[in-house]
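Data first, discussion second: the structure below is written as structure tokens.
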Amino acid sequence: MELDTAHVALYAAYFVLGAVVSLINSIAGGGSTLSLPLMIFLGLPATVANGTNRIGLIIGNFSSAFNLARHGYLNMRLFLQLLTPTLIGALVGACFLVHIGDKLFQAILAVVICLVVVMSNLRKDVLGKPPAAPPEKLTLKGALGFFAIAVYGCIVQVGVGFVQIFGLTRYTGLSPIEINALKNSLTNVFLLVSTIALGLNGKIDWAIAALMAGGAWVGGYFGSFLQRKKGNKFIQRFISICSIAMAIALVVDLIVK
């Protein structure tokens with residue numbers, strides 16, 4: 001009975017984790033800085049945690065993007081404009097993704113978490129003001145920038161939401177809710193490519209993935225309704241504190257092992 005209760009509690013924890021991460025990602029980004037370390041500490045190998053985590057992210061992103069698009073917030077012209085460099089970047093990233101070992105990925109994850117915390121707290125005008133209107137055609141800088149984002153998102157994924165918000169704000173000049181609709185839609189492009197690659201290489205725990213996907217649908221749906229409400233600063237500060245602590249724990253874990 002105790003074993004059954006423990007399993008029920010663990011499965012419930014994965015469902016809740018999927019919901020919380022999806023809600024955070026739909027509003028801001030960086031939810032995986034919480035989910036990946038927790039999944040590793042719960043016993044999943046780093047690369048399996050990376051693959052399993054992405055199933056919930058796909059469902060949550062789709063839930064949020066679909067709801068925002070249904071209310072007219074998705075700029076389809078920009079989505080199609082950025083689709084090609086994102087898809088090419090995802091395919092390039094997938095070639096590297098399947099060859100990364102657990103220890104190397106965990107080391108990269110610890111460094112990236114720290115960088116995400118710093119980047120997420122930068123002032124929005126650090127690189128200048130965004131354009132008054134989105135570009136009519138894909139620019140070279142835009143193509144290279146979103147190609148690089150897709151490569152990174154395909155390999156590591158952690159914190160890519162902050163990178164996308166940062167890039168899309170400066171590239172499009174759209175409102176925050178429109179940027180989130182575009183961000184969530186583009187994210188699923190490289191998430192689908194990377195998840196297929198990880199799944200074919202046995203890097204997904206499908207039972208846990210299904211639980212997190214169920215929670216992610218709920219989190220993404222409700223997160224899409226909270227886009228205009230205040231609270232992002234509190235969420236990002238909370239993520240920053242937890243992320244720094246978990247990054248330190250990951251480094252200590254690598255040293256001890």
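The chains in the structure tokens are called A, B, ... from first to last as shown; in each chain the residues are counted from 1, and the ligands are counted from 1 in the order shown.
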
Any chance you could list, as a PyMOL selection string, the residues in segment 31-194 of chain A that come up helix (DSSP H, G or I) when DSSP is run on the backbone? chain A and resi 32-41+46-70+76-97+102-120+140-155+160-172+176-194

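Proximity to Asn201 of chain A at 10 Å, evaluated using only C-alpha atoms and with sequence-adjacent residues fewer than 4 positions away removed, yields A:Val48, A:Gly51, A:Val98, A:His99, A:Thr195, A:Ile196, A:Ala197.
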
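Distance-wise, atom CA of Phe146 of chain A and atom CA of Ala65 of chain A end up 18.5 Å apart.
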
Hey, what's within 10 Å of Cys95 of chain A if we count only C-alpha atoms and toss same-chain stuff fewer than 2 positions away? As a list in words, please? Ala90, Leu91, Val92, Gly93, Leu97, Val98, His99, Ile100, Val151, Cys154, Ile155, Ser194 and Ala197 of chain A

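Nearest-residue note for Tyr11 of chain A: choosing from A:Ala94, A:Asn75, A:Met39, A:Phe190, the minimum distance belongs to A:Met39, counting only C-alpha atoms.
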
Which residues, written as a PyMOL selection string, have at least one atom at most 12 Å from Ala69 of chain A, with only C-alpha atoms counted and residues fewer than 5 positions away on the same chain left out? chain A and resi 61-64+74-76+79+177-185+224

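The two atoms in question, atom CA of Gln164 of chain A and atom CA of Leu186 of chain A, are spaced 9.1 Å apart.
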
Which residues are near Gly43 of chain A? Cut-off 12 Å, only C-alpha atoms, ignore same chain within fewer than 6 positions. Put them as a PyMOL selection string. chain A and resi 10+36-37+49+205+208

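Each of A:Ala210, A:Leu144, A:Val20, A:Val218 was checked against Pro85 of chain A using only C-alpha atoms; the smallest atom-to-atom distance is that of A:Leu144.
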
Would you list the contacts of Phe147 of chain A as a PyMOL selection string, taking every protein, DNA or RNA residue within 9 Å and counting only C-alpha atoms, but skipping same-chain residues closer than 3 positions in sequence? chain A and resi 82+84-90+142-144+150-152

Which of A:Cys114, A:Val163, A:Leu140, A:Leu57 sits closest to Val189 of chain A [using only C-alpha atoms]: A:Leu57
